[in-house]
Amino acid sequence: MPARFELHGIAFSGPTYKVGLMLTLAGEPFDYVHVNMMQGEHKQPAHLSKQRYGQVPLLVDRNNGRHLCQSAAILEYLSDTLGRFGGATLDERLQAREWLYWDFDRLASHVYRARTIRLGIRPAAPEVLESCMAGGNAALKVLDEHLQGRAWIVGEGATIADIDIYGVIAFADEGGFDLGAYANLQAWAKRVEALPHFAPRKALLPMESRVAA
Ligand SMILES: N[C@@H](CCC(=O)N[C@@H](CS)C(=O)NCC(=O)O)C(=O)O
């Protein structure tokens, strides 16, 4: 029987990793479709007809034919439909959602941008990198302080807030951020990495399409 989910993305993409990590942690095998962004495949009609923003990730749920975009919205969808990582109460669910919004506003925007500048994917002036480093470090400090005395970002167990934010932290070193300065954050990252079925980005996202085992 084919896997329920089909994830379209590219190996270097943080948002794609967030979705792949969620599926893996939930024990859901998925077919993976490599989108050749270097050749502009994400802007071609075949991809645009399923992903209106011309981006990755795109998740197809074969149980109902849904095409889902935007990693945070996909994490919420998966947590709703799979009944995993949604928080123990409505309040936890709402707090997890807050962190998803905060992430793209304050953390991911700086960390991902710094990374693409340093890797030469999207070069920019030195002032832009400086601004990303300042913004990223300010957000890392907020997270580190929040994690003081807490095992997880929300409540007593892992939620989509942890999965979403781990999908940024996993790229922080390539962005030039020194996580050694954030002890609570480092300890939390180790807890995420110890979750059953955890897989690092390189194991999860190959540079070619792959059918679920
Ligand atoms: N907010 C989106 C961001 C997705 C995103 O920026 N994807 C990048 C790859 S990491 C992309 O497709 N870039 C091509 C473009 O925006 O044209 C999400 O979380 O899914």
# chains A, B, ... in the order shown; residues from 1 in each chain; ligands from 1
>>> residues_near_ligand(ligand="ligand 1", cutoff="7 Å", atoms="only C-alpha atoms and all ligand atoms", output="PyMOL selection string")
chain A and resi 12-16+54-57+69-72
>>> write_last_selection(atoms="N, CA and C atoms", output="PDB file, in the first residue's frame")
ATOM      1  N   PHE A  12      17.991  21.207   1.236  1.00  0.00           N
ATOM      2  CA  PHE A  12      18.542  22.305   2.043  1.00  0.00           C
ATOM      3  C   PHE A  12      17.463  23.155   2.720  1.00  0.00           C
ATOM      4  N   SER A  13      16.206  22.776   2.564  1.00  0.00           N
ATOM      5  CA  SER A  13      15.109  23.633   3.033  1.00  0.00           C
ATOM      6  C   SER A  13      14.696  23.335   4.476  1.00  0.00           C
ATOM      7  N   GLY A  14      14.821  24.359   5.311  1.00  0.00           N
ATOM      8  CA  GLY A  14      14.392  24.214   6.705  1.00  0.00           C
ATOM      9  C   GLY A  14      12.903  23.907   6.825  1.00  0.00           C
ATOM     10  N   PRO A  15      12.042  24.663   6.138  1.00  0.00           N
ATOM     11  CA  PRO A  15      10.609  24.374   6.247  1.00  0.00           C
ATOM     12  C   PRO A  15      10.258  22.954   5.785  1.00  0.00           C
ATOM     13  N   THR A  16      10.969  22.446   4.776  1.00  0.00           N
ATOM     14  CA  THR A  16      10.723  21.057   4.344  1.00  0.00           C
ATOM     15  C   THR A  16      11.144  20.093   5.450  1.00  0.00           C
ATOM     16  N   GLY A  54       4.527  28.901  -5.043  1.00  0.00           N
ATOM     17  CA  GLY A  54       5.740  28.584  -5.794  1.00  0.00           C
ATOM     18  C   GLY A  54       6.908  28.319  -4.880  1.00  0.00           C
ATOM     19  N   GLN A  55       6.619  27.646  -3.770  1.00  0.00           N
ATOM     20  CA  GLN A  55       7.662  27.355  -2.779  1.00  0.00           C
ATOM     21  C   GLN A  55       7.618  25.868  -2.414  1.00  0.00           C
ATOM     22  N   VAL A  56       8.567  25.470  -1.599  1.00  0.00           N
ATOM     23  CA  VAL A  56       8.491  24.189  -0.898  1.00  0.00           C
ATOM     24  C   VAL A  56       8.463  24.535   0.584  1.00  0.00           C
ATOM     25  N   PRO A  57       7.867  23.693   1.423  1.00  0.00           N
ATOM     26  CA  PRO A  57       7.338  22.371   1.111  1.00  0.00           C
ATOM     27  C   PRO A  57       5.905  22.408   0.578  1.00  0.00           C
ATOM     28  N   CYS A  69       0.209  23.706   2.002  1.00  0.00           N
ATOM     29  CA  CYS A  69       1.381  24.572   1.907  1.00  0.00           C
ATOM     30  C   CYS A  69       1.616  25.267   3.247  1.00  0.00           C
ATOM     31  N   GLN A  70       2.796  25.852   3.393  1.00  0.00           N
ATOM     32  CA  GLN A  70       3.217  26.614   4.581  1.00  0.00           C
ATOM     33  C   GLN A  70       3.477  25.648   5.739  1.00  0.00           C
ATOM     34  N   SER A  71       4.754  25.522   6.084  1.00  0.00           N
ATOM     35  CA  SER A  71       5.157  24.486   7.046  1.00  0.00           C
ATOM     36  C   SER A  71       4.387  24.574   8.368  1.00  0.00           C
ATOM     37  N   ALA A  72       4.150  25.784   8.874  1.00  0.00           N
ATOM     38  CA  ALA A  72       3.457  25.883  10.167  1.00  0.00           C
ATOM     39  C   ALA A  72       2.025  25.363  10.044  1.00  0.00           C
TER      40      ALA A  72
END
>>> select_by_dssp(residues="chain A", states="helix (DSSP H, G or I)", output="VMD selection string")
chain A and resid 14 to 25 37 to 39 41 to 43 45 to 48 71 to 82 90 to 118 126 to 146 160 to 169 179 to 181 183 to 193 201 to 204
>>> residues_around(residues="A:Tyr77", least_positions_apart="3", cutoff="12 Å", atoms="only C-alpha atoms", output="compact mmCIF listing (two decimals) with C-alpha atoms, in the first residue's frame")
# COMPACT_ATOMS: atom_id res chain seq x y z
CA VAL A 19 7.42 18.73 7.90
CA MET A 22 6.95 15.86 12.09
CA LEU A 23 5.99 12.93 9.88
CA LEU A 59 2.45 18.03 1.37
CA VAL A 60 -0.09 15.80 -0.35
CA ASP A 61 -2.45 13.79 1.84
CA ARG A 66 -5.47 17.70 -0.02
CA HIS A 67 -2.47 19.77 -1.11
CA LEU A 68 -1.04 21.65 1.86
CA CYS A 69 1.38 24.57 1.91
CA GLN A 70 3.22 26.61 4.58
CA SER A 71 5.16 24.49 7.05
CA ALA A 72 3.46 25.88 10.17
CA ALA A 73 -0.02 25.27 8.73
CA ILE A 74 1.09 21.77 7.69
CA ASP A 80 -4.97 17.64 14.03
CA THR A 81 -5.27 14.64 11.72
CA LEU A 82 -2.74 12.35 13.39
CA GLY A 83 -3.58 13.37 16.94
CA ARG A 84 0.09 13.88 17.81
CA PHE A 85 2.13 16.75 19.23
CA GLY A 86 -0.87 19.07 19.59
CA ARG A 97 0.47 28.16 17.78
CA ILE A 160 4.61 21.09 17.13
>>> closest_residue(among="A:Met37, A:Val111, A:Leu7, A:Ala124", to="A:Val211", atoms="only C-alpha atoms")
A:Leu7
>>> residues_around(residues="A:Ala170", least_positions_apart="5", cutoff="12 Å", atoms="only C-alpha atoms", output="compact mmCIF listing (two decimals) with C-alpha atoms, in the first residue's frame")
# COMPACT_ATOMS: atom_id res chain seq x y z
CA PHE A 12 18.54 22.31 2.04
CA SER A 13 15.11 23.63 3.03
CA GLY A 14 14.39 24.21 6.71
CA PRO A 15 10.61 24.37 6.25
CA TYR A 17 12.72 19.52 7.18
CA LYS A 18 10.13 20.67 9.72
CA LEU A 21 10.57 15.66 10.98
CA ALA A 108 13.53 31.64 11.25
CA VAL A 111 18.58 32.28 10.95
CA TYR A 112 17.55 31.04 7.51
CA ARG A 115 22.49 30.80 6.39
CA ASP A 162 9.34 22.06 19.46
CA ILE A 163 9.32 20.44 16.02
CA ASP A 164 8.89 23.76 14.24
CA ILE A 165 11.61 25.53 16.18
CA GLY A 175 24.02 30.52 9.79
CA GLY A 176 27.05 31.28 11.97
CA PHE A 177 25.20 31.25 15.31
CA ASP A 178 27.07 29.87 18.31
CA LEU A 179 24.61 27.73 20.25
CA LEU A 185 18.54 25.68 24.23
CA GLN A 186 21.30 23.13 23.71
CA ALA A 189 17.79 20.33 21.33
CA LYS A 190 19.28 17.13 22.77
CA VAL A 192 14.30 16.66 20.71
CA GLU A 193 17.07 14.53 19.19
CA ALA A 199 16.14 11.76 12.18
CA PRO A 200 18.59 14.52 11.27
CA ARG A 201 17.97 16.53 8.14
CA LYS A 202 20.54 14.78 5.97
>>> atom_distance(atom1="atom CA of A:His110", atom2="atom CA of A:Val168")
9.8 Å
>>> atom_distance(atom1="atom CA of A:Leu119", atom2="atom CA of A:Trp102")
24.8 Å
>>> atom_distance(atom1="atom CA of A:Asn64", atom2="atom CA of A:Lys50")
14.1 Å
>>> closest_atom_pairs(of="stretch 81-136 of chain A", to="stretch 142-152 of chain A", cutoff="10 Å", atoms="only C-alpha atoms", output="JSON lines")
{"residue": "A:Trp99", "atom": "CA", "partner": "A:Leu143", "partner_atom": "CA", "distance": 9.9}
{"residue": "A:Asp103", "atom": "CA", "partner": "A:Leu143", "partner_atom": "CA", "distance": 9.9}
{"residue": "A:Arg106", "atom": "CA", "partner": "A:Val142", "partner_atom": "CA", "distance": 9.8}
{"residue": "A:Leu107", "atom": "CA", "partner": "A:Leu143", "partner_atom": "CA", "distance": 9.4}
{"residue": "A:Gly136", "atom": "CA", "partner": "A:Val142", "partner_atom": "CA", "distance": 10.0}
>>> write_last_selection(atoms="all heavy atoms", output="PDB file, in the first residue's frame")
ATOM      1  N   TRP A  99       3.929  30.152  19.320  1.00  0.00           N
ATOM      2  CA  TRP A  99       5.360  29.970  19.045  1.00  0.00           C
ATOM      3  C   TRP A  99       5.617  29.772  17.549  1.00  0.00           C
ATOM      4  O   TRP A  99       6.654  30.185  17.031  1.00  0.00           O
ATOM      5  CB  TRP A  99       5.933  28.807  19.861  1.00  0.00           C
ATOM      6  CG  TRP A  99       6.178  29.186  21.288  1.00  0.00           C
ATOM      7  CD1 TRP A  99       5.419  28.874  22.376  1.00  0.00           C
ATOM      8  CD2 TRP A  99       7.272  29.973  21.788  1.00  0.00           C
ATOM      9  NE1 TRP A  99       5.961  29.413  23.512  1.00  0.00           N
ATOM     10  CE2 TRP A  99       7.100  30.084  23.187  1.00  0.00           C
ATOM     11  CE3 TRP A  99       8.375  30.586  21.208  1.00  0.00           C
ATOM     12  CZ2 TRP A  99       7.989  30.792  24.001  1.00  0.00           C
ATOM     13  CZ3 TRP A  99       9.271  31.292  22.008  1.00  0.00           C
ATOM     14  CH2 TRP A  99       9.066  31.385  23.384  1.00  0.00           C
ATOM     15  N   ASP A 103       8.096  32.151  15.680  1.00  0.00           N
ATOM     16  CA  ASP A 103       9.265  31.589  14.996  1.00  0.00           C
ATOM     17  C   ASP A 103       9.496  32.272  13.652  1.00  0.00           C
ATOM     18  O   ASP A 103      10.573  32.814  13.395  1.00  0.00           O
ATOM     19  CB  ASP A 103       9.082  30.073  14.821  1.00  0.00           C
ATOM     20  CG  ASP A 103      10.156  29.474  13.932  1.00  0.00           C
ATOM     21  OD1 ASP A 103      11.223  30.086  13.811  1.00  0.00           O
ATOM     22  OD2 ASP A 103       9.910  28.398  13.351  1.00  0.00           O
ATOM     23  N   ARG A 106      10.418  36.093  14.214  1.00  0.00           N
ATOM     24  CA  ARG A 106      11.616  36.547  14.941  1.00  0.00           C
ATOM     25  C   ARG A 106      12.843  35.656  14.822  1.00  0.00           C
ATOM     26  O   ARG A 106      13.968  36.116  15.038  1.00  0.00           O
ATOM     27  CB  ARG A 106      11.281  36.688  16.439  1.00  0.00           C
ATOM     28  CG  ARG A 106      10.283  37.765  16.731  1.00  0.00           C
ATOM     29  CD  ARG A 106      10.891  39.095  16.349  1.00  0.00           C
ATOM     30  NE  ARG A 106       9.884  40.083  16.085  1.00  0.00           N
ATOM     31  CZ  ARG A 106       9.824  41.263  16.694  1.00  0.00           C
ATOM     32  NH1 ARG A 106      10.697  41.587  17.609  1.00  0.00           N
ATOM     33  NH2 ARG A 106       8.893  42.121  16.361  1.00  0.00           N
ATOM     34  N   LEU A 107      12.637  34.363  14.578  1.00  0.00           N
ATOM     35  CA  LEU A 107      13.776  33.437  14.608  1.00  0.00           C
ATOM     36  C   LEU A 107      14.148  32.966  13.204  1.00  0.00           C
ATOM     37  O   LEU A 107      15.235  33.255  12.700  1.00  0.00           O
ATOM     38  CB  LEU A 107      13.430  32.237  15.506  1.00  0.00           C
ATOM     39  CG  LEU A 107      14.507  31.156  15.619  1.00  0.00           C
ATOM     40  CD1 LEU A 107      15.720  31.688  16.377  1.00  0.00           C
ATOM     41  CD2 LEU A 107      13.959  29.909  16.326  1.00  0.00           C
ATOM     42  N   GLY A 136      18.713  37.307  15.022  1.00  0.00           N
ATOM     43  CA  GLY A 136      18.722  35.876  15.364  1.00  0.00           C
ATOM     44  C   GLY A 136      19.181  35.661  16.798  1.00  0.00           C
ATOM     45  O   GLY A 136      18.573  34.883  17.554  1.00  0.00           O
TER      46      GLY A 136
END
>>> residues_around(residues="A:Ala88", least_positions_apart="4", cutoff="10 Å", atoms="only C-alpha atoms", output="NGL selection string")
:A and (84 or 92-93 or 154-157 or 159)
>>> write_last_selection(atoms="N, CA, C and O atoms", output="PDB file, in the first residue's frame")
ATOM      1  N   ARG A  84      -1.213  13.901  17.144  1.00  0.00           N
ATOM      2  CA  ARG A  84       0.093  13.875  17.808  1.00  0.00           C
ATOM      3  C   ARG A  84       0.646  15.294  17.940  1.00  0.00           C
ATOM      4  O   ARG A  84       0.478  16.117  17.066  1.00  0.00           O
ATOM      5  N   GLU A  92      -2.518  24.729  25.777  1.00  0.00           N
ATOM      6  CA  GLU A  92      -1.205  24.341  25.242  1.00  0.00           C
ATOM      7  C   GLU A  92      -1.210  24.450  23.722  1.00  0.00           C
ATOM      8  O   GLU A  92      -0.227  24.870  23.106  1.00  0.00           O
ATOM      9  N   ARG A  93      -2.320  24.074  23.129  1.00  0.00           N
ATOM     10  CA  ARG A  93      -2.431  24.154  21.671  1.00  0.00           C
ATOM     11  C   ARG A  93      -2.283  25.613  21.201  1.00  0.00           C
ATOM     12  O   ARG A  93      -1.588  25.922  20.239  1.00  0.00           O
ATOM     13  N   VAL A 154       6.311  24.118  25.291  1.00  0.00           N
ATOM     14  CA  VAL A 154       4.951  24.253  25.831  1.00  0.00           C
ATOM     15  C   VAL A 154       4.613  22.991  26.616  1.00  0.00           C
ATOM     16  O   VAL A 154       4.837  21.882  26.117  1.00  0.00           O
ATOM     17  N   GLY A 155       4.083  23.142  27.807  1.00  0.00           N
ATOM     18  CA  GLY A 155       3.576  21.986  28.548  1.00  0.00           C
ATOM     19  C   GLY A 155       4.663  21.003  28.952  1.00  0.00           C
ATOM     20  O   GLY A 155       5.842  21.357  29.076  1.00  0.00           O
ATOM     21  N   GLU A 156       4.247  19.762  29.106  1.00  0.00           N
ATOM     22  CA  GLU A 156       5.142  18.744  29.682  1.00  0.00           C
ATOM     23  C   GLU A 156       5.657  17.746  28.651  1.00  0.00           C
ATOM     24  O   GLU A 156       6.269  16.743  29.002  1.00  0.00           O
ATOM     25  N   GLY A 157       5.343  17.968  27.391  1.00  0.00           N
ATOM     26  CA  GLY A 157       5.818  17.030  26.361  1.00  0.00           C
ATOM     27  C   GLY A 157       6.077  17.765  25.063  1.00  0.00           C
ATOM     28  O   GLY A 157       5.742  18.947  24.921  1.00  0.00           O
ATOM     29  N   THR A 159       5.714  19.214  21.454  1.00  0.00           N
ATOM     30  CA  THR A 159       4.581  19.647  20.621  1.00  0.00           C
ATOM     31  C   THR A 159       5.118  20.134  19.278  1.00  0.00           C
ATOM     32  O   THR A 159       6.339  20.201  19.060  1.00  0.00           O
TER      33      THR A 159
END
>>> closest_residue(among="A:His42, A:Gly120, A:Ala3, A:Ala96", to="A:Gly27", atoms="only C-alpha atoms")
A:Ala3
>>> closest_residue(among="A:Lys141, A:Glu98, A:Arg62, A:Ala46", to="A:Glu76", atoms="only C-alpha atoms")
A:Glu98
>>> residues_around(residues="A:Ala11", least_positions_apart="5", cutoff="6 Å", atoms="only C-alpha atoms", output="JSON, numbers by chain")
{"A": [205, 206, 207]}
>>> select_by_dssp(residues="stretch 61-205 of chain A", states="strand (DSSP E or B)", output="ChimeraX atom specification")
/A:61,66-69
>>> write_last_selection(atoms="N, CA and C atoms", output="PDB file, in the first residue's frame")
ATOM      1  N   ASP A  61      -1.843  14.833   1.000  1.00  0.00           N
ATOM      2  CA  ASP A  61      -2.449  13.788   1.840  1.00  0.00           C
ATOM      3  C   ASP A  61      -3.291  12.922   0.907  1.00  0.00           C
ATOM      4  N   ARG A  66      -5.822  16.311  -0.380  1.00  0.00           N
ATOM      5  CA  ARG A  66      -5.466  17.698  -0.020  1.00  0.00           C
ATOM      6  C   ARG A  66      -4.020  18.014  -0.401  1.00  0.00           C
ATOM      7  N   HIS A  67      -3.816  19.249  -0.853  1.00  0.00           N
ATOM      8  CA  HIS A  67      -2.473  19.770  -1.109  1.00  0.00           C
ATOM      9  C   HIS A  67      -2.243  20.868  -0.082  1.00  0.00           C
ATOM     10  N   LEU A  68      -1.239  20.713   0.737  1.00  0.00           N
ATOM     11  CA  LEU A  68      -1.044  21.647   1.856  1.00  0.00           C
ATOM     12  C   LEU A  68       0.270  22.403   1.714  1.00  0.00           C
ATOM     13  N   CYS A  69       0.209  23.706   2.002  1.00  0.00           N
ATOM     14  CA  CYS A  69       1.381  24.572   1.907  1.00  0.00           C
ATOM     15  C   CYS A  69       1.616  25.267   3.247  1.00  0.00           C
TER      16      CYS A  69
END
>>> closest_residue(among="A:Phe5, A:Phe104, A:Tyr53, A:Phe171", to="A:Pro29", atoms="only C-alpha atoms")
A:Phe5
>>> closest_residue(among="A:Ile117, A:Ala158, A:Val35, A:Ala187", to="A:Ser131", atoms="only C-alpha atoms")
A:Ile117
>>> closest_residue(among="A:Leu94, A:Ala183, A:Ala172, A:Ala213", to="A:Cys132", atoms="only C-alpha atoms")
A:Ala172
